Amino acid sequence: AVTEASKWSDTARYYRILNEKLPIVYHFNYIASELLIQENILTVNNRYIFLDVCAGPATYTLAVMKHLSSEQLHSIDFIVSDFSQGMVDEAKKAVEEYHPGNININFQLIDVQNIPLPDSSVDIVGHMFGYFVPDRKKAFTEVCRVCKPGGRAVIGVWKYACMAPLLNDFLVHLGKEPNANAIAVAHSCADGDALRIELLGYGYSNVTVHESERIFELGFDDHDVLMGLFTNPMIIHELDGLDPNYLFEEW
């Protein structure tokens, strides 16, 4: 289910609502956008190509846009992509809501493991939390391939994914065996030094790891929030495909 685009399309609306009501993903996307802006590589005298892969509802793109002046916005050709049509549709809605008007933006269906763009064609690539793919090496290599020399690739991973152990506790409540693999996958990029070495091995240069931590206090009594969790293919996969309505009642 995790690698089926249709499953992500089915949950796209709830996923966007979840991101809006529980701003965990948005918070770290915003921090990543600040790090990019601090590089001071976007000037109004040049044109740039900005590619957002595994974009979901355009969370990273919107975070970057909020830092930009009108002149900077119009100096960038945005490509916002996901492998799920439902997520691409939600990205369109989100961008139109927050940035209506004449922005040069193109929405595409793209699998990060096979990006249909030429080598060294993109100035900035955003790849936030999109490493849960069958071939992570291929995904990271593709991001590096399309990025221009001197360009920037911003990659977000989880050091500690709190939902994994929480969901394991829920599995035990349901009378099921905890899934140790879920925690291992969620934290597969948790070692910053190991990730830096991994990326250097794929052809990246000047890799810098920034770690950011925040504790969130979350209330799990909102129907839309819980449906956003329980229709997420990664979570449904770990909960053995149980009906989301049943999971909502059990929670």
# chains A, B, ... in the order shown; residues from 1 in each chain; ligands from 1
>>> residues_around(residues="Met87 of chain A", least_positions_apart="5", cutoff="12 Å", atoms="only C-alpha atoms", output="JSON, numbers by chain")
{"A": [5, 6, 7, 8, 9, 10, 11, 12, 13, 14, 15, 16, 53, 54, 55, 56, 57, 58, 59, 80, 81, 82, 92, 93, 94, 107, 108, 109, 110]}
>>> closest_atom_pairs(of="segment 96-115 of chain A", to="segment 143-150 of chain A", cutoff="9 Å", atoms="only C-alpha atoms", output="Markdown table")
| residue | atom | partner | partner_atom | distance |
| --- | --- | --- | --- | --- |
| A:Val112 | CA | A:Val143 | CA | 7.4 |
| A:Gln113 | CA | A:Val143 | CA | 8.5 |
| A:Ile115 | CA | A:Val143 | CA | 7.9 |
>>> write_last_selection(atoms="N, CA, C and O atoms", output="mmCIF file, in the first residue's frame")
data_model
loop_
_atom_site.group_PDB
_atom_site.id
_atom_site.type_symbol
_atom_site.label_atom_id
_atom_site.label_comp_id
_atom_site.auth_asym_id
_atom_site.auth_seq_id
_atom_site.Cartn_x
_atom_site.Cartn_y
_atom_site.Cartn_z
ATOM 1 N N VAL A 112 9.922 10.071 -7.788
ATOM 2 C CA VAL A 112 11.257 10.577 -7.443
ATOM 3 C C VAL A 112 12.354 9.585 -7.833
ATOM 4 O O VAL A 112 13.516 9.962 -8.003
ATOM 5 N N GLN A 113 11.996 8.328 -8.012
ATOM 6 C CA GLN A 113 12.984 7.330 -8.425
ATOM 7 C C GLN A 113 13.275 7.372 -9.921
ATOM 8 O O GLN A 113 14.179 6.687 -10.393
ATOM 9 N N ILE A 115 12.988 10.677 -12.265
ATOM 10 C CA ILE A 115 12.586 12.053 -12.556
ATOM 11 C C ILE A 115 12.803 12.347 -14.045
ATOM 12 O O ILE A 115 13.928 12.252 -14.539
#
>>> select_by_dssp(residues="segment 107-178 of chain A", states="strand (DSSP E or B)", output="VMD selection string")
chain A and resid 107 to 109 111 114 122 to 128 147 to 156
>>> residues_around(residues="Ala153 of chain A", least_positions_apart="2", cutoff="9 Å", atoms="only C-alpha atoms", output="JSON, numbers by chain")
{"A": [123, 124, 125, 126, 127, 143, 144, 147, 151, 155, 204]}
>>> residues_around(residues="Tyr48 of chain A", least_positions_apart="4", cutoff="8 Å", atoms="only C-alpha atoms", output="short mmCIF file (atom, residue, chain, number, x, y, z; two decimals) with N, CA, C and O atoms, in the first residue's frame")
data_model
loop_
_atom_site.label_atom_id
_atom_site.label_comp_id
_atom_site.auth_asym_id
_atom_site.auth_seq_id
_atom_site.Cartn_x
_atom_site.Cartn_y
_atom_site.Cartn_z
N LEU A 42 18.88 33.18 -4.30
CA LEU A 42 17.79 33.62 -5.16
C LEU A 42 17.84 35.14 -5.33
O LEU A 42 17.57 35.88 -4.39
N SER A 75 10.61 35.25 -10.45
CA SER A 75 11.87 34.87 -11.09
C SER A 75 12.10 33.37 -11.05
O SER A 75 13.13 32.87 -11.50
N ILE A 76 11.11 32.62 -10.52
CA ILE A 76 11.26 31.18 -10.33
C ILE A 76 10.20 30.42 -11.13
O ILE A 76 9.02 30.79 -11.14
N ASP A 77 10.63 29.37 -11.80
CA ASP A 77 9.72 28.42 -12.44
C ASP A 77 9.57 27.23 -11.48
O ASP A 77 10.51 26.46 -11.28
N VAL A 122 18.05 21.70 -12.76
CA VAL A 122 17.25 22.32 -11.70
C VAL A 122 18.18 23.05 -10.73
O VAL A 122 19.22 22.52 -10.34
N ASP A 123 17.77 24.24 -10.33
CA ASP A 123 18.58 25.01 -9.38
C ASP A 123 18.37 24.59 -7.94
O ASP A 123 19.31 24.56 -7.14
N ILE A 124 17.12 24.27 -7.58
CA ILE A 124 16.78 23.90 -6.21
C ILE A 124 15.84 22.71 -6.26
O ILE A 124 14.86 22.71 -7.00
#
>>> select_by_dssp(residues="segment 58-232 of chain A", states="alpha helix (DSSP H)", output="JSON, numbers by chain")
{"A": [59, 60, 61, 62, 63, 64, 65, 70, 71, 72, 73, 85, 86, 87, 88, 89, 90, 91, 92, 93, 94, 95, 96, 97, 98, 136, 137, 138, 139, 140, 141, 142, 143, 144, 145, 146, 163, 164, 165, 166, 167, 168, 169, 170, 171, 172, 173, 180, 181, 182, 183, 184, 185, 186, 192, 193, 194, 195, 196, 197, 198, 199, 200, 201, 223, 224, 225, 226, 227, 228, 229, 230]}
